[in-house]
Amino acid sequence: MQHQPQPDCRSLYDDYFVRQLVPDDHPLLEIDRAVDFCFVREVVSDLYSPERGRRAVDPALLLRLCFLQAYYDLSDREVIERARSDVACRCFLHLGLEDALPDASTLSVFRSRLGAERFKQIFNYSVGMAVERGLVQGRLVLVDSYGVVADMAIPRMRRLLMRVVDRGLRLLEMLGVEASELEAERGALSKDNSWGMSKQLREQDLARWFVLCGQVRAALAGAQVSYEQDKQRAQMVKLLDGALARGEPQQKGARGDRLAGDVDADARWSVRERGKKAFVGYKEQIVIDADSEIITGAGLTPANEDDSTALLDLLDEHKRNVGGDPEGLAGDSGYASGSNRAELQEREIDDFLAPPTPKGHKRGMFSATDFAPEFDHEGTPLRVRCPAGQVAAGGSWQEDKCGWNFYFSKAQCAGCPLRMRCSKSKRGRTLFISPHWQLTKRALERVETPQFVAAQVARLGIERQFAHQQRRCGLKRTRYRGLDRVAAQVFVTCFTLNVLKLTKAARSGVGVKRKRAS
């Protein structure tokens, strides 16, 4: 399959007619003058063959259609229908009034062919354009996340098991595996409505569905399949494993990572936070330049992922796209882990991450930061002084927690006037000191400094990016299903926002040409 550039060869009639209908300062025409979408031909060149297949649609035209989808929040069919009758869209697409548009299904094929990684390269190119034009200063970057709700209904446990078993049985039939006994068991369970009569019968019914799910999983795992069928079989086995895991008791304190539904197997329940409603979906992570509001790095994770695990990846993306680390970084307390602060210190980046409120302070109790450890030259705590002046020495290393435990004796805590604010244990207080205690303490001490306050005020500017994506680009809810497809949607949306920033800068004459950082 080969492609050739879309020629811009409007007739004199088209040119005159368009000039009468579309003003020269139309936003789409300004975008077209500010950004050349033809760079995508080089990004996707290895996906097309110059010798085989029929002539393909120009990738630049398809990328412009993807841009219009995000710009106007349109589906594949809607963007094609709009481009048929909207003269400004035709001008933006470099199409004449009589030129044909591709079928709506071509956009789906285009997204699948490129995948999330290619769309990430397209987004990165927009960052490179901003760097070349001198828009990205790298003085301060802002990080934050935004929840994107998955486009799916959340089934109850019985309904979920029924659906995954049905899908597994259909795959067994397609593979030519004998499964008549499993089919008969499935039919008997579906017709049995006694499960609704009592809690005991409901539990028995669920147990039978779990057994059947495990049997279907075992049949698929033992089936002889071809190389082409193995990927489909592996996906189905993974889905069945996720459904079976729902029947296992969850460990106390463990982060939930359970299958929410079979329609979008990658979506997860968000971690419940105070003041926020739990949802099933994903988290978009972005880092932006505080001065220009150009998005310099983006990513997508399931909704149950902790924000702190995404920070270093965002910083690395920023560094690759811009050519160096920023001078400072501001974010909310979700990113403020000790290891992240240590990495910022190692890379000489000013740390403006908001420290979370110490756990003890939320209940009116003392926290580890209220104690005064003494460290040696290697950063190992030797002894700890409590708020009442008592000293505990000889902390023991805790391998599972990666820190030290210091123990105050029962005699030291007995009769202490601060005991009710320190510990309710009948024994003495046990205090855990993290290797990053000093970094956390310094972060709490600089909360009231003018530099920190200014950085946190600037951080609020990132909310405009999320608001634009939610209201204008339709990213409040996913348009597609699966981590890879939703990631592609996120990268297209971030690319769209950067293009709008580049157009605004070109209109106002902001930015100076300079060499792109390697």
# chains A, B, ... in the order shown; residues from 1 in each chain; ligands from 1
$ residues_around --residues "Ala116 of chain A" --least-positions-apart "6" --cutoff "12 Å" --atoms "only C-alpha atoms" --output "short mmCIF file (atom, residue, chain, number, x, y, z; two decimals) with C-alpha atoms, in the first residue's frame"
data_model
loop_
_atom_site.label_atom_id
_atom_site.label_comp_id
_atom_site.auth_asym_id
_atom_site.auth_seq_id
_atom_site.Cartn_x
_atom_site.Cartn_y
_atom_site.Cartn_z
CA PHE A 110 -5.60 4.65 10.62
CA ILE A 122 3.03 13.00 16.70
CA PHE A 123 2.40 14.69 20.04
CA ALA A 298 1.75 13.03 28.64
CA GLY A 299 0.80 9.51 29.60
CA LEU A 300 -2.10 7.28 30.53
CA GLY A 482 -8.61 -0.43 25.88
CA LEU A 483 -5.50 1.25 27.26
CA ASP A 484 -3.77 1.55 23.88
CA ARG A 485 -6.74 3.11 22.09
CA VAL A 486 -7.53 5.53 24.91
CA ALA A 487 -3.85 6.52 25.06
CA ALA A 488 -4.02 7.37 21.35
CA GLN A 489 -7.06 9.57 22.08
CA VAL A 490 -5.12 11.32 24.87
CA PHE A 491 -2.10 12.01 22.64
CA VAL A 492 -4.29 13.40 19.85
#
$ closest_atom_pairs --of "segment 93-137 of chain A" --to "segment 35-54 of chain A" --cutoff "8 Å" --atoms "only C-alpha atoms" --output "JSON lines"
{"residue": "A:Arg113", "atom": "CA", "partner": "A:Leu47", "partner_atom": "CA", "distance": 7.8}
{"residue": "A:Leu114", "atom": "CA", "partner": "A:Val44", "partner_atom": "CA", "distance": 7.4}
{"residue": "A:Arg118", "atom": "CA", "partner": "A:Val43", "partner_atom": "CA", "distance": 7.2}
{"residue": "A:Gln121", "atom": "CA", "partner": "A:Val43", "partner_atom": "CA", "distance": 7.4}
{"residue": "A:Ile122", "atom": "CA", "partner": "A:Val40", "partner_atom": "CA", "distance": 6.9}
$ write_last_selection --atoms "C-alpha atoms" --output "PDB file, in the first residue's frame"
ATOM      1  CA  ARG A 113      -2.300   1.061  12.274  1.00  0.00           C
ATOM      2  CA  LEU A 114      -0.490   3.869  14.092  1.00  0.00           C
ATOM      3  CA  ARG A 118       2.946   6.642  16.774  1.00  0.00           C
ATOM      4  CA  GLN A 121       5.516  10.636  18.337  1.00  0.00           C
ATOM      5  CA  ILE A 122       3.031  12.998  16.697  1.00  0.00           C
TER       6      ILE A 122
END
$ closest_atom_pairs --of "segment 322-391 of chain A" --to "segment 124-147 of chain A" --cutoff "7 Å" --atoms "only C-alpha atoms" --output "CSV"
residue,atom,partner,partner_atom,distance
A:Val322,CA,A:Val131,CA,6.4
A:Pro326,CA,A:Gly138,CA,4.7
A:Glu327,CA,A:Arg139,CA,5.0
A:Gly328,CA,A:Leu140,CA,4.7
A:Leu329,CA,A:Val141,CA,5.0
A:Ala330,CA,A:Leu142,CA,5.0
A:Gly331,CA,A:Val143,CA,5.2
$ residues_around --residues "Pro102 of chain A" --least-positions-apart "2" --cutoff "9 Å" --atoms "only C-alpha atoms" --output "MDAnalysis selection string"
chainID A and resid 57 62 80 100 104:107
$ atom_distance --atom1 "atom CA of Pro356 of chain A" --atom2 "atom CA of Phe452 of chain A"
14.3 Å
$ select_by_dssp --residues "segment 143-268 of chain A" --states "strand (DSSP E)" --output "list in words"
Val143, Asp144, Ser145, Tyr146, Gly147, Val148, Val149 and Arg268 of chain A
$ residues_around --residues "segment 405-415 of chain A" --least-positions-apart "5" --cutoff "6 Å" --atoms "only C-alpha atoms" --output "PyMOL selection string"
chain A and resi 392+395-396+427-432
$ atom_distance --atom1 "atom CA of Leu175 of chain A" --atom2 "atom CA of Arg158 of chain A"
25.8 Å
$ closest_residue --among "A:Gln470, A:Leu475, A:Phe366, A:Leu259" --to "Ser423 of chain A" --atoms "only C-alpha atoms"
A:Phe366
$ residues_around --residues "segment 370-380 of chain A" --least-positions-apart "6" --cutoff "8 Å" --atoms "only C-alpha atoms" --output "PyMOL selection string"
chain A and resi 386-387+435
$ atom_distance --atom1 "atom CA of Ser190 of chain A" --atom2 "atom CA of Met157 of chain A"
14.0 Å
$ select_by_dssp --residues "segment 228-333 of chain A" --states "alpha helix (DSSP H)" --output "number ranges by chain"
A: 228-245, 311-322
$ write_last_selection --atoms "N, CA and C atoms" --output "short mmCIF file (atom, residue, chain, number, x, y, z; two decimals), in the first residue's frame"
data_model
loop_
_atom_site.label_atom_id
_atom_site.label_comp_id
_atom_site.auth_asym_id
_atom_site.auth_seq_id
_atom_site.Cartn_x
_atom_site.Cartn_y
_atom_site.Cartn_z
N GLU A 228 -1.42 -17.66 14.88
CA GLU A 228 -2.30 -16.51 14.70
C GLU A 228 -3.40 -16.49 15.77
N GLN A 229 -3.83 -17.66 16.23
CA GLN A 229 -4.91 -17.73 17.21
C GLN A 229 -4.41 -17.59 18.66
N ASP A 230 -3.09 -17.71 18.84
CA ASP A 230 -2.57 -17.72 20.21
C ASP A 230 -2.79 -16.38 20.91
N LYS A 231 -2.67 -15.28 20.19
CA LYS A 231 -2.86 -13.96 20.80
C LYS A 231 -4.29 -13.81 21.29
N GLN A 232 -5.26 -14.24 20.48
CA GLN A 232 -6.67 -14.14 20.88
C GLN A 232 -6.94 -15.04 22.07
N ARG A 233 -6.35 -16.24 22.07
CA ARG A 233 -6.52 -17.15 23.20
C ARG A 233 -5.92 -16.56 24.48
N ALA A 234 -4.71 -15.93 24.37
CA ALA A 234 -4.07 -15.34 25.55
C ALA A 234 -4.90 -14.20 26.12
N GLN A 235 -5.52 -13.39 25.27
CA GLN A 235 -6.36 -12.29 25.75
C GLN A 235 -7.58 -12.82 26.50
N MET A 236 -8.17 -13.92 25.97
CA MET A 236 -9.35 -14.48 26.63
C MET A 236 -8.98 -15.12 27.96
N VAL A 237 -7.83 -15.80 28.01
CA VAL A 237 -7.38 -16.41 29.27
C VAL A 237 -7.13 -15.33 30.33
N LYS A 238 -6.53 -14.22 29.90
CA LYS A 238 -6.29 -13.11 30.82
C LYS A 238 -7.61 -12.54 31.36
N LEU A 239 -8.62 -12.44 30.50
CA LEU A 239 -9.92 -11.94 30.93
C LEU A 239 -10.57 -12.91 31.92
N LEU A 240 -10.48 -14.20 31.65
CA LEU A 240 -11.04 -15.19 32.57
C LEU A 240 -10.30 -15.18 33.90
N ASP A 241 -8.99 -15.00 33.87
CA ASP A 241 -8.22 -14.90 35.12
C ASP A 241 -8.68 -13.70 35.94
N GLY A 242 -8.95 -12.58 35.25
CA GLY A 242 -9.42 -11.39 35.96
C GLY A 242 -10.77 -11.62 36.61
N ALA A 243 -11.66 -12.36 35.91
CA ALA A 243 -12.96 -12.66 36.50
C ALA A 243 -12.83 -13.61 37.68
N LEU A 244 -11.95 -14.60 37.56
CA LEU A 244 -11.75 -15.55 38.67
C LEU A 244 -11.15 -14.85 39.89
N ALA A 245 -10.30 -13.86 39.67
CA ALA A 245 -9.68 -13.13 40.78
C ALA A 245 -10.72 -12.37 41.60
N LEU A 311 5.42 10.15 38.06
CA LEU A 311 6.16 11.42 38.02
C LEU A 311 7.47 11.31 37.24
N LEU A 312 8.26 10.30 37.52
CA LEU A 312 9.57 10.20 36.88
C LEU A 312 9.44 9.96 35.38
N ASP A 313 8.43 9.20 34.96
CA ASP A 313 8.20 9.01 33.53
C ASP A 313 7.84 10.33 32.86
N LEU A 314 7.03 11.15 33.53
CA LEU A 314 6.69 12.46 32.97
C LEU A 314 7.92 13.36 32.86
N LEU A 315 8.77 13.32 33.89
CA LEU A 315 9.99 14.12 33.85
C LEU A 315 10.91 13.67 32.72
N ASP A 316 11.01 12.36 32.53
CA ASP A 316 11.85 11.84 31.45
C ASP A 316 11.30 12.24 30.08
N GLU A 317 9.95 12.21 29.95
CA GLU A 317 9.34 12.65 28.69
C GLU A 317 9.64 14.12 28.43
N HIS A 318 9.53 14.94 29.45
CA HIS A 318 9.84 16.36 29.31
C HIS A 318 11.29 16.56 28.88
N LYS A 319 12.18 15.82 29.51
CA LYS A 319 13.60 15.98 29.20
C LYS A 319 13.90 15.58 27.76
N ARG A 320 13.30 14.47 27.29
CA ARG A 320 13.54 14.03 25.91
C ARG A 320 12.98 15.04 24.91
N ASN A 321 11.80 15.59 25.20
CA ASN A 321 11.16 16.48 24.25
C ASN A 321 11.75 17.89 24.24
N VAL A 322 12.18 18.34 25.39
CA VAL A 322 12.67 19.72 25.52
C VAL A 322 14.18 19.80 25.43
#
